[in-house]
file upload.pdb (PDB, C-alpha atoms)
ATOM      1  CA  MET A   9      71.794  38.299  57.201
ATOM      2  CA  LEU A  10      75.408  38.850  56.182
ATOM      3  CA  SER A  11      77.850  39.283  59.078
ATOM      4  CA  ARG A  12      81.106  41.245  58.970
ATOM      5  CA  ARG A  13      83.017  38.023  59.558
ATOM      6  CA  HIS A  14      81.453  36.429  56.507
ATOM      7  CA  ILE A  15      82.312  39.538  54.503
ATOM      8  CA  ARG A  16      85.938  39.140  55.598
ATOM      9  CA  ILE A  17      85.884  35.493  54.529
ATOM     10  CA  LYS A  18      84.497  36.421  51.106
ATOM     11  CA  VAL A  19      87.210  39.068  50.674
ATOM     12  CA  MET A  20      89.855  36.584  51.813
ATOM     13  CA  GLN A  21      88.760  34.006  49.246
ATOM     14  CA  VAL A  22      88.881  36.446  46.331
ATOM     15  CA  LEU A  23      92.228  37.872  47.437
ATOM     16  CA  TYR A  24      93.627  34.356  47.786
ATOM     17  CA  ALA A  25      92.699  33.626  44.170
ATOM     18  CA  PHE A  26      94.117  36.936  42.910
ATOM     19  CA  LYS A  27      97.439  36.358  41.127
ATOM     20  CA  GLY A  28      98.336  39.880  40.034
ATOM     21  CA  THR A  29     100.116  42.806  41.668
ATOM     22  CA  GLU A  30      98.743  45.981  43.206
ATOM     23  CA  SER A  31      99.264  47.797  39.895
ATOM     24  CA  ASP A  32      97.173  45.339  37.880
ATOM     25  CA  ASP A  33      93.530  45.770  36.960
ATOM     26  CA  PHE A  34      91.388  43.935  39.493
ATOM     27  CA  SER A  35      87.966  45.089  38.355
ATOM     28  CA  LYS A  36      86.964  41.536  37.386
ATOM     29  CA  ASP A  37      87.996  40.251  40.804
ATOM     30  CA  GLN A  38      86.025  42.975  42.540
ATOM     31  CA  LYS A  39      83.039  42.149  40.377
ATOM     32  CA  PHE A  40      83.363  38.480  41.331
ATOM     33  CA  LEU A  41      83.539  39.445  45.012
ATOM     34  CA  MET A  42      80.233  41.261  44.767
ATOM     35  CA  TYR A  43      78.721  38.404  42.748
ATOM     36  CA  SER A  44      79.858  35.884  45.365
ATOM     37  CA  ILE A  45      78.324  37.948  48.173
ATOM     38  CA  ASN A  46      75.072  38.653  46.325
ATOM     39  CA  ASN A  47      74.784  35.010  45.312
ATOM     40  CA  MET A  48      74.425  34.124  48.968
ATOM     41  CA  TYR A  49      70.878  35.457  48.766
ATOM     42  CA  ASN A  50      70.100  32.967  46.009
ATOM     43  CA  LEU A  51      71.074  30.178  48.394
ATOM     44  CA  TYR A  52      68.716  31.616  50.978
ATOM     45  CA  LEU A  53      65.856  31.719  48.470
ATOM     46  CA  LEU A  54      66.623  28.182  47.298
ATOM     47  CA  LEU A  55      66.396  26.741  50.817
ATOM     48  CA  ILE A  56      63.281  28.715  51.720
ATOM     49  CA  SER A  57      61.645  27.509  48.503
ATOM     50  CA  LEU A  58      62.555  23.934  49.439
ATOM     51  CA  LEU A  59      60.160  24.176  52.390
ATOM     52  CA  ILE A  60      57.399  25.233  50.006
ATOM     53  CA  ALA A  61      58.280  22.421  47.586
ATOM     54  CA  VAL A  62      58.177  19.821  50.380
ATOM     55  CA  GLN A  63      54.738  21.073  51.465
ATOM     56  CA  LYS A  64      53.516  20.702  47.873
ATOM     57  CA  ARG A  65      54.978  17.194  47.699
ATOM     58  CA  ALA A  66      53.151  16.290  50.919
ATOM     59  CA  GLU A  67      49.890  17.613  49.504
ATOM     60  CA  ASP A  68      50.340  15.607  46.290
ATOM     61  CA  HIS A  69      51.125  12.521  48.357
ATOM     62  CA  LEU A  70      47.895  12.792  50.369
ATOM     63  CA  GLU A  71      45.817  13.360  47.238
ATOM     64  CA  LYS A  72      47.247  10.355  45.395
ATOM     65  CA  THR A  73      46.978   8.118  48.453
ATOM     66  CA  SER A  74      43.335   9.041  49.045
ATOM     67  CA  LYS A  75      42.425   8.182  45.431
ATOM     68  CA  LYS A  76      44.256   4.879  45.137
ATOM     69  CA  HIS A  77      42.352   1.642  44.616
ATOM     70  CA  LEU A  78      41.248   0.016  47.886
ATOM     71  CA  ALA A  79      42.348   2.998  49.954
ATOM     72  CA  THR A  80      41.788   2.558  53.693
ATOM     73  CA  ASP A  81      39.566   4.877  55.720
ATOM     74  CA  LYS A  82      42.724   6.476  57.133
ATOM     75  CA  GLU A  83      44.054   7.058  53.626
ATOM     76  CA  LYS A  84      40.733   8.492  52.450
ATOM     77  CA  ASN A  85      40.628  10.867  55.400
ATOM     78  CA  PRO A  86      44.285  11.587  56.162
ATOM     79  CA  ASN A  87      45.713  13.813  58.851
ATOM     80  CA  ARG A  88      46.356  17.092  57.016
ATOM     81  CA  LYS A  89      48.196  18.752  59.863
ATOM     82  CA  PHE A  90      51.501  18.944  57.987
ATOM     83  CA  VAL A  91      50.118  20.226  54.679
ATOM     84  CA  ASN A  92      48.032  22.772  56.587
ATOM     85  CA  ASN A  93      50.983  23.917  58.710
ATOM     86  CA  GLU A  94      50.507  27.648  59.245
ATOM     87  CA  VAL A  95      54.169  28.572  58.769
ATOM     88  CA  LEU A  96      54.359  26.671  55.482
ATOM     89  CA  ALA A  97      51.099  28.339  54.420
ATOM     90  CA  MET A  98      52.610  31.706  55.292
ATOM     91  CA  LEU A  99      55.537  30.993  52.964
ATOM     92  CA  LYS A 100      53.371  29.547  50.206
ATOM     93  CA  ASN A 101      50.909  32.463  50.198
ATOM     94  CA  ASN A 102      53.452  35.247  50.528
ATOM     95  CA  GLU A 103      53.118  37.156  47.247
ATOM     96  CA  GLN A 104      56.306  39.182  47.705
ATOM     97  CA  LEU A 105      58.322  36.058  48.429
ATOM     98  CA  GLN A 106      56.744  34.203  45.505
ATOM     99  CA  ALA A 107      57.612  37.103  43.181
ATOM    100  CA  LYS A 108      61.224  37.003  44.374
ATOM    101  CA  LEU A 109      61.389  33.250  43.873
ATOM    102  CA  ALA A 110      59.976  33.620  40.356
ATOM    103  CA  GLU A 111      62.838  35.981  39.488
ATOM    104  CA  SER A 112      65.520  33.508  40.545
ATOM    105  CA  LYS A 113      67.228  31.450  37.860
ATOM    106  CA  PHE A 114      68.577  29.017  40.454
ATOM    107  CA  ILE A 115      65.284  27.590  41.641
ATOM    108  CA  ASN A 116      63.569  24.729  39.857
ATOM    109  CA  TRP A 117      62.527  22.034  42.308
ATOM    110  CA  ASP A 118      60.368  20.412  39.623
ATOM    111  CA  LEU A 119      63.565  19.685  37.740
ATOM    112  CA  ASP A 120      65.421  18.644  40.894
ATOM    113  CA  SER A 121      62.474  16.802  42.435
ATOM    114  CA  GLU A 122      64.626  13.906  43.658
ATOM    115  CA  TYR A 123      65.989  16.158  46.416
ATOM    116  CA  VAL A 124      62.509  17.261  47.414
ATOM    117  CA  GLU A 125      61.652  13.561  47.616
ATOM    118  CA  ILE A 126      64.715  12.861  49.783
ATOM    119  CA  ILE A 127      63.744  15.541  52.280
ATOM    120  CA  PHE A 128      60.057  14.597  52.197
ATOM    121  CA  LYS A 129      60.786  10.939  52.953
ATOM    122  CA  ALA A 130      63.245  11.891  55.691
ATOM    123  CA  ILE A 131      60.514  13.966  57.339
ATOM    124  CA  LEU A 132      57.883  11.255  56.828
ATOM    125  CA  ASN A 133      60.092   8.618  58.483
ATOM    126  CA  SER A 134      61.162  10.774  61.412
ATOM    127  CA  ASP A 135      60.018  10.478  65.024
ATOM    128  CA  LEU A 136      59.529  14.234  64.871
ATOM    129  CA  TYR A 137      56.823  13.813  62.224
ATOM    130  CA  ALA A 138      55.157  10.918  64.027
ATOM    131  CA  GLU A 139      54.953  12.919  67.240
ATOM    132  CA  TYR A 140      53.635  15.974  65.383
ATOM    133  CA  LEU A 141      50.817  13.915  63.829
ATOM    134  CA  ASN A 142      49.641  12.570  67.165
ATOM    135  CA  THR A 143      46.888  15.169  66.939
ATOM    136  CA  SER A 144      45.014  16.503  63.927
ATOM    137  CA  THR A 145      45.072  20.161  64.930
ATOM    138  CA  SER A 146      47.718  22.533  66.246
ATOM    139  CA  THR A 147      48.465  26.097  67.248
ATOM    140  CA  PHE A 148      50.682  28.442  65.277
ATOM    141  CA  LYS A 149      53.360  27.992  67.936
ATOM    142  CA  GLU A 150      53.310  24.201  67.556
ATOM    143  CA  ASP A 151      53.439  24.500  63.764
ATOM    144  CA  ARG A 152      56.351  26.923  64.005
ATOM    145  CA  ASN A 153      58.305  24.750  66.444
ATOM    146  CA  PHE A 154      57.814  21.723  64.219
ATOM    147  CA  ILE A 155      59.151  23.494  61.113
ATOM    148  CA  VAL A 156      62.092  24.857  63.101
ATOM    149  CA  GLU A 157      63.006  21.340  64.230
ATOM    150  CA  VAL A 158      62.494  19.919  60.734
ATOM    151  CA  PHE A 159      64.854  22.479  59.277
ATOM    152  CA  LYS A 160      67.423  22.106  62.056
ATOM    153  CA  GLU A 161      67.382  18.313  62.389
ATOM    154  CA  ILE A 162      66.485  17.091  58.886
ATOM    155  CA  ILE A 163      67.109  19.689  56.189
ATOM    156  CA  ALA A 164      70.241  21.540  57.350
ATOM    157  CA  PRO A 165      72.369  18.426  58.078
ATOM    158  CA  ASN A 166      71.253  16.389  55.050
ATOM    159  CA  ASP A 167      74.359  15.101  53.233
ATOM    160  CA  LYS A 168      72.671  14.606  49.861
ATOM    161  CA  LEU A 169      71.317  18.129  49.921
ATOM    162  CA  TYR A 170      74.811  19.338  50.803
ATOM    163  CA  ASP A 171      76.227  17.518  47.750
ATOM    164  CA  TYR A 172      73.482  19.014  45.584
ATOM    165  CA  LEU A 173      74.343  22.538  46.748
ATOM    166  CA  GLU A 174      78.034  21.890  46.147
ATOM    167  CA  ASP A 175      77.291  20.857  42.562
ATOM    168  CA  LYS A 176      75.069  23.905  42.095
ATOM    169  CA  ASN A 177      77.582  26.455  43.289
ATOM    170  CA  LEU A 178      80.872  25.828  45.094
ATOM    171  CA  THR A 179      80.849  29.211  46.882
ATOM    172  CA  TRP A 180      77.613  28.233  48.628
ATOM    173  CA  LEU A 181      79.359  25.771  50.936
ATOM    174  CA  ASP A 182      80.936  28.576  52.961
ATOM    175  CA  ASP A 183      77.632  30.456  52.921
ATOM    176  CA  LEU A 184      75.555  27.517  54.117
ATOM    177  CA  PRO A 185      76.093  27.852  57.901
ATOM    178  CA  THR A 186      75.257  31.577  57.782
ATOM    179  CA  VAL A 187      72.175  31.042  55.614
ATOM    180  CA  ASN A 188      70.924  28.133  57.726
ATOM    181  CA  THR A 189      71.319  30.214  60.885
ATOM    182  CA  SER A 190      69.446  33.116  59.279
ATOM    183  CA  ILE A 191      66.563  30.872  58.214
ATOM    184  CA  LEU A 192      66.264  29.371  61.686
ATOM    185  CA  LYS A 193      66.180  32.844  63.241
ATOM    186  CA  LEU A 194      63.445  33.967  60.853
ATOM    187  CA  LEU A 195      61.404  30.824  61.458
ATOM    188  CA  ARG A 196      61.704  31.177  65.232
ATOM    189  CA  LYS A 197      60.666  34.834  65.090
ATOM    190  CA  SER A 198      57.714  34.274  62.759
ATOM    191  CA  LYS A 199      54.278  35.193  64.118
ATOM    192  CA  PRO A 200      50.744  34.996  62.715
ATOM    193  CA  GLN A 201      50.920  38.758  62.169
ATOM    194  CA  SER A 202      54.405  38.798  60.571
ATOM    195  CA  ASP A 203      54.413  41.086  57.563
ATOM    196  CA  ALA A 204      55.060  40.000  53.987
ATOM    197  CA  PHE A 205      58.717  41.016  54.153
ATOM    198  CA  HIS A 206      59.590  38.967  57.228
ATOM    199  CA  PHE A 207      60.985  36.208  55.011
ATOM    200  CA  LEU A 208      62.715  38.680  52.684
ATOM    201  CA  PRO A 209      65.582  39.880  54.892
ATOM    202  CA  LYS A 210      68.195  42.351  53.714
ATOM    203  CA  LEU A 211      71.474  40.824  52.583
ATOM    204  CA  TYR A 212      73.498  43.654  54.130
ATOM    205  CA  LYS A 213      72.644  45.111  57.517
ATOM    206  CA  ASP A 214      73.306  48.576  56.056
ATOM    207  CA  ILE A 215      75.225  50.363  53.308
ATOM    208  CA  ASP A 216      78.317  50.500  55.558
ATOM    209  CA  ASP A 217      78.696  46.735  55.344
ATOM    210  CA  LYS A 218      78.664  46.783  51.552
ATOM    211  CA  GLU A 219      81.222  49.594  51.505
ATOM    212  CA  PHE A 220      83.324  47.675  54.026
ATOM    213  CA  ALA A 221      83.514  44.683  51.673
ATOM    214  CA  VAL A 222      84.659  46.770  48.702
ATOM    215  CA  ASN A 223      87.069  48.937  50.687
ATOM    216  CA  LEU A 224      88.715  46.049  52.523
ATOM    217  CA  PHE A 225      89.277  44.299  49.202
ATOM    218  CA  LYS A 226      90.627  47.381  47.402
ATOM    219  CA  LYS A 227      92.780  48.745  50.231
ATOM    220  CA  THR A 228      94.392  45.362  50.842
ATOM    221  CA  LEU A 229      95.181  44.915  47.151
ATOM    222  CA  LEU A 230      96.403  48.468  46.573
ATOM    223  CA  ASN A 231      98.793  48.272  49.532
ATOM    224  CA  GLN A 232     100.122  44.756  49.037
ATOM    225  CA  ASN A 233     103.785  45.734  48.953
ATOM    226  CA  ALA A 234     103.653  47.959  52.044
ATOM    227  CA  LEU A 235     101.666  45.363  53.974
ATOM    228  CA  THR A 236     104.082  42.599  53.003
ATOM    229  CA  GLU A 237     106.977  44.774  54.156
ATOM    230  CA  GLU A 238     105.330  45.331  57.540
ATOM    231  CA  ILE A 239     104.846  41.585  57.977
ATOM    232  CA  SER A 240     108.468  40.899  56.960
ATOM    233  CA  LYS A 241     109.759  43.239  59.670
ATOM    234  CA  LYS A 242     107.866  41.304  62.320
ATOM    235  CA  THR A 243     108.749  37.827  61.023
ATOM    236  CA  GLN A 244     112.497  38.134  60.488
ATOM    237  CA  ASN A 245     113.130  35.035  62.584
ATOM    238  CA  TRP A 246     110.605  33.047  60.586
ATOM    239  CA  ASP A 247     111.337  31.124  57.416
ATOM    240  CA  ALA A 248     109.075  32.802  54.857
ATOM    241  CA  ASP A 249     108.303  29.437  53.245
ATOM    242  CA  ARG A 250     106.984  28.153  56.571
ATOM    243  CA  ILE A 251     104.359  30.875  56.877
ATOM    244  CA  ALA A 252     101.121  29.541  55.436
ATOM    245  CA  ASN A 253      99.832  31.555  52.492
ATOM    246  CA  ILE A 254      96.489  32.009  54.163
ATOM    247  CA  ASP A 255      98.182  33.314  57.332
ATOM    248  CA  HIS A 256     100.121  35.846  55.300
ATOM    249  CA  LEU A 257      96.920  36.992  53.613
ATOM    250  CA  LEU A 258      94.971  37.243  56.878
ATOM    251  CA  LEU A 259      97.794  39.328  58.348
ATOM    252  CA  LYS A 260      97.670  41.698  55.387
ATOM    253  CA  MET A 261      93.920  42.065  55.748
ATOM    254  CA  GLY A 262      94.216  42.514  59.511
ATOM    255  CA  ILE A 263      96.897  45.202  59.218
ATOM    256  CA  CYS A 264      94.936  46.941  56.482
ATOM    257  CA  GLU A 265      91.867  46.967  58.703
ATOM    258  CA  LEU A 266      93.782  48.260  61.733
ATOM    259  CA  LYS A 267      95.207  51.172  59.751
ATOM    260  CA  ASN A 268      92.331  52.103  57.465
ATOM    261  CA  PHE A 269      89.062  51.436  59.290
ATOM    262  CA  SER A 270      88.954  53.903  62.143
ATOM    263  CA  SER A 271      85.504  52.895  63.424
ATOM    264  CA  ILE A 272      86.374  49.205  63.985
ATOM    265  CA  PRO A 273      87.838  48.444  67.438
ATOM    266  CA  THR A 274      91.281  46.845  67.389
ATOM    267  CA  LYS A 275      90.051  43.943  69.557
ATOM    268  CA  VAL A 276      87.267  43.216  67.088
ATOM    269  CA  THR A 277      89.702  43.167  64.161
ATOM    270  CA  ILE A 278      92.164  40.850  65.908
ATOM    271  CA  ASN A 279      89.473  38.486  67.229
ATOM    272  CA  GLU A 280      87.793  38.241  63.821
ATOM    273  CA  TYR A 281      90.987  37.214  62.026
ATOM    274  CA  LEU A 282      91.891  34.762  64.775
ATOM    275  CA  GLU A 283      88.514  33.059  64.374
ATOM    276  CA  ILE A 284      88.881  32.940  60.592
ATOM    277  CA  ALA A 285      92.381  31.464  60.963
ATOM    278  CA  LYS A 286      91.048  28.734  63.260
ATOM    279  CA  GLU A 287      88.557  27.718  60.594
ATOM    280  CA  TYR A 288      90.615  28.117  57.424
ATOM    281  CA  SER A 289      94.275  27.685  58.350
ATOM    282  CA  THR A 290      96.586  25.552  60.509
ATOM    283  CA  PRO A 291      96.061  24.731  64.208
ATOM    284  CA  LYS A 292      98.839  27.138  65.266
ATOM    285  CA  SER A 293      97.892  29.942  62.885
ATOM    286  CA  SER A 294      95.735  31.867  65.344
ATOM    287  CA  VAL A 295      98.587  32.057  67.879
ATOM    288  CA  PHE A 296     100.995  33.275  65.187
ATOM    289  CA  ILE A 297      98.575  35.866  63.802
ATOM    290  CA  ASN A 298      97.637  37.078  67.283
ATOM    291  CA  GLY A 299     101.303  37.609  68.151
ATOM    292  CA  ILE A 300     102.051  39.672  65.035
ATOM    293  CA  LEU A 301      98.910  41.814  65.178
ATOM    294  CA  ASP A 302      99.303  42.433  68.914
ATOM    295  CA  LYS A 303     102.872  43.681  68.413
ATOM    296  CA  LEU A 304     101.782  45.953  65.585
ATOM    297  CA  VAL A 305      98.902  47.428  67.600
ATOM    298  CA  LYS A 306     101.283  48.358  70.440
ATOM    299  CA  GLU A 307     103.740  49.794  67.936
ATOM    300  CA  TYR A 308     101.068  51.860  66.182
ATOM    301  CA  GLN A 309      99.777  53.138  69.521
ATOM    302  CA  ASN A 310     103.245  54.249  70.604
ATOM    303  CA  GLU A 311     103.843  55.979  67.276
ATOM    304  CA  GLY A 312     100.396  57.570  67.171
ATOM    305  CA  LYS A 313      99.502  55.716  63.962
ATOM    306  CA  LEU A 314      96.397  54.008  65.302
ATOM    307  CA  ASN A 315      93.680  56.526  64.557
ATOM    308  CA  LYS A 316      90.514  55.092  66.020
ATOM    309  CA  VAL A 317      87.405  57.189  66.595
ATOM    310  CA  GLY A 318      84.709  56.646  69.202
ATOM    311  CA  ARG A 319      84.759  55.213  72.715
ATOM    312  CA  GLY A 320      86.369  51.888  73.485
ATOM    313  CA  LEU A 321      87.886  51.437  70.038
ATOM    314  CA  MET A 322      91.434  50.900  71.192
TER     315      MET A 322
END
call {"tool": "encode", "arguments": {"input": "upload.pdb", "output": "structure tokens"}}
result
Amino acid sequence: MLSRRHIRIKVMQVLYAFKGTESDDFSKDQKFLMYSINNMYNLYLLLISLLIAVQKRAEDHLEKTSKKHLATDKEKNPNRKFVNNEVLAMLKNNEQLQAKLAESKFINWDLDSEYVEIIFKAILNSDLYAEYLNTSTSTFKEDRNFIVEVFKEIIAPNDKLYDYLEDKNLTWLDDLPTVNTSILKLLRKSKPQSDAFHFLPKLYKDIDDKEFAVNLFKKTLLNQNALTEEISKKTQNWDADRIANIDHLLLKMGICELKNFSSIPTKVTINEYLEIAKEYSTPKSSVFINGILDKLVKEYQNEGKLNKVGRGLM
């Protein structure tokens, strides 16, 4: 679920907030980095559980409507296609997922029911829902496609839900695109025979990714002075005050990665920091960062300092 780029962004954010020097204790900052990364999974669980909560709200709605005074024949015998949706049933009846949700301290849709109501009404009033209820039965594929579209078109872009998540945890806002993409992928790949762990993806692809996060953070911090010196040599014609703080930090991380992570291709490193700069810094930052890193790569190659292992890593 967690990409290397998102790991770099997490490291960047913690380093940006760090106010000490390379000789200071940064154990608390490292701990916060890992908390921030791990907390991304709580966001995933929260949004997956929202689908279950909306299904429950729909079921309650049908039950209350059918029992109201002077209910119409349609209300007494409603179309249960949505509440019986096979993908929602798969989530609701998944014991492993339910156990994981029960462990989370962040999930309480009964307490935050107004947001369940917002999403439920948005679905109810959508053309997507009206079209889906044109028939009373469906295949698993139709159910899956409907939930995918509901998540993509109604849940993911909902502004009030976005505000709710921001109030819950500020670090989640940067995680949201990655988590939404992961949920959509899992929904699209779901099958009637999907196992119980299909909707319990691993946060890290492998142990290397977790080690990458810690090492990038530590190596950048522990070599701050040397990295700053390298940047200064390549920016002598630049007014230091005109270099954005985030650009300076991304350069330090990029140089650190070029010199200390032998298995990561130089092109990957440069492209990753250019993309991060486009999203988090000034319009011209990517051009500036590309120029500095490109010069350093050529310099390291000429001096034999770029020790990359494996094919195509230069």
call {"tool": "axis_aligned_box", "arguments": {"input": "upload.pdb", "around": "region 101-119 of chain A", "padding_each_side": "8 Å", "output": "lines of an AutoDock Vina configuration file"}}
result
center_x = 59.7
center_y = 29.4
center_z = 44.1
size_x = 33.7
size_y = 35.5
size_z = 28.8
call {"tool": "residues_near_point", "arguments": {"input": "upload.pdb", "point": "(54.9, 42.4, 55.2)", "cutoff": "12 Å", "atoms": "only C-alpha atoms", "output": "list in words"}}
result
Met98, Leu99, Asn101, Asn102, Glu103, Gln104, Leu105, Ser198, Lys199, Pro200, Gln201, Ser202, Asp203, Ala204, Phe205, His206, Phe207, Leu208 and Pro209 of chain A
call {"tool": "write_last_selection", "arguments": {"input": "upload.pdb", "atoms": "C-alpha atoms", "output": "PDB file, in the coordinates of the input"}}
result
ATOM      1  CA  MET A  98      52.610  31.706  55.292  1.00  0.00           C
ATOM      2  CA  LEU A  99      55.537  30.993  52.964  1.00  0.00           C
ATOM      3  CA  ASN A 101      50.909  32.463  50.198  1.00  0.00           C
ATOM      4  CA  ASN A 102      53.452  35.247  50.528  1.00  0.00           C
ATOM      5  CA  GLU A 103      53.118  37.156  47.247  1.00  0.00           C
ATOM      6  CA  GLN A 104      56.306  39.182  47.705  1.00  0.00           C
ATOM      7  CA  LEU A 105      58.322  36.058  48.429  1.00  0.00           C
ATOM      8  CA  SER A 198      57.714  34.274  62.759  1.00  0.00           C
ATOM      9  CA  LYS A 199      54.278  35.193  64.118  1.00  0.00           C
ATOM     10  CA  PRO A 200      50.744  34.996  62.715  1.00  0.00           C
ATOM     11  CA  GLN A 201      50.920  38.758  62.169  1.00  0.00           C
ATOM     12  CA  SER A 202      54.405  38.798  60.571  1.00  0.00           C
ATOM     13  CA  ASP A 203      54.413  41.086  57.563  1.00  0.00           C
ATOM     14  CA  ALA A 204      55.060  40.000  53.987  1.00  0.00           C
ATOM     15  CA  PHE A 205      58.717  41.016  54.153  1.00  0.00           C
ATOM     16  CA  HIS A 206      59.590  38.967  57.228  1.00  0.00           C
ATOM     17  CA  PHE A 207      60.985  36.208  55.011  1.00  0.00           C
ATOM     18  CA  LEU A 208      62.715  38.680  52.684  1.00  0.00           C
ATOM     19  CA  PRO A 209      65.582  39.880  54.892  1.00  0.00           C
TER      20      PRO A 209
END
call {"tool": "closest_residue", "arguments": {"input": "upload.pdb", "among": "A:Ala164, A:Ser57, A:Phe26, A:Val276", "to": "Gln106 (chain A)", "atoms": "all atoms listed in the file"}}
result
A:Ser57
call {"tool": "atom_distance", "arguments": {"input": "upload.pdb", "atom1": "CA of Glu30 (chain A)", "atom2": "CA of Lys260 (chain A)"}}
result
13.0 Å
call {"tool": "resolve_selection", "arguments": {"input": "upload.pdb", "expression": "the PyMOL selection byres ((chain A and resi 186) around 10)", "output": "list of chain:residue names"}}
result
A:Met9, A:Leu10, A:Ser11, A:His14, A:Met48, A:Tyr52, A:Leu181, A:Asp182, A:Asp183, A:Leu184, A:Pro185, A:Val187, A:Asn188, A:Thr189, A:Ser190, A:Ile191
call {"tool": "resolve_selection", "arguments": {"input": "upload.pdb", "expression": "the PyMOL selection byres ((chain A and resi 31) around 10)", "output": "VMD selection string"}}
result
chain A and resid 28 to 30 32 to 34 229 to 232
call {"tool": "resolve_selection", "arguments": {"input": "upload.pdb", "expression": "the PyMOL selection byres ((chain A and resi 149) around 12)", "output": "JSON, numbers by chain"}}
result
{"A": [93, 94, 95, 145, 146, 147, 148, 150, 151, 152, 153, 154, 155, 156, 195, 196, 197, 198, 199, 200]}
call {"tool": "atom_distance", "arguments": {"input": "upload.pdb", "atom1": "CA of Glu238 (chain A)", "atom2": "CA of Ser35 (chain A)"}}
result
25.9 Å
call {"tool": "atom_distance", "arguments": {"input": "upload.pdb", "atom1": "CA of Ser294 (chain A)", "atom2": "CA of Asn315 (chain A)"}}
result
24.8 Å
call {"tool": "closest_residue", "arguments": {"input": "upload.pdb", "among": "A:Leu78, A:Lys160, A:Arg65, A:Phe269", "to": "Glu219 (chain A)", "atoms": "only C-alpha atoms"}}
result
A:Phe269
call {"tool": "closest_residue", "arguments": {"input": "upload.pdb", "among": "A:Leu41, A:Ala25, A:Ile278, A:Leu258", "to": "Val222 (chain A)", "atoms": "all atoms listed in the file"}}
result
A:Leu41
call {"tool": "closest_residue", "arguments": {"input": "upload.pdb", "among": "A:Asn87, A:Thr274, A:Asn253, A:Asn268", "to": "Leu304 (chain A)", "atoms": "all atoms listed in the file"}}
result
A:Thr274
call {"tool": "residues_around", "arguments": {"input": "upload.pdb", "residues": "Val62 (chain A)", "least_positions_apart": "6", "cutoff": "10 Å", "atoms": "all atoms listed in the file", "output": "ChimeraX atom specification"}}
result
/A:68,91,96,117,121,123-129,131
call {"tool": "residues_near_point", "arguments": {"input": "upload.pdb", "point": "(73.2, 13.0, 51.9)", "cutoff": "12 Å", "atoms": "all atoms listed in the file", "output": "number ranges by chain"}}
result
A: 122-123, 126-127, 130, 162-174
call {"tool": "closest_residue", "arguments": {"input": "upload.pdb", "among": "A:Leu178, A:Ile284, A:Leu53, A:Ala138", "to": "Asp255 (chain A)", "atoms": "all atoms listed in the file"}}
result
A:Ile284
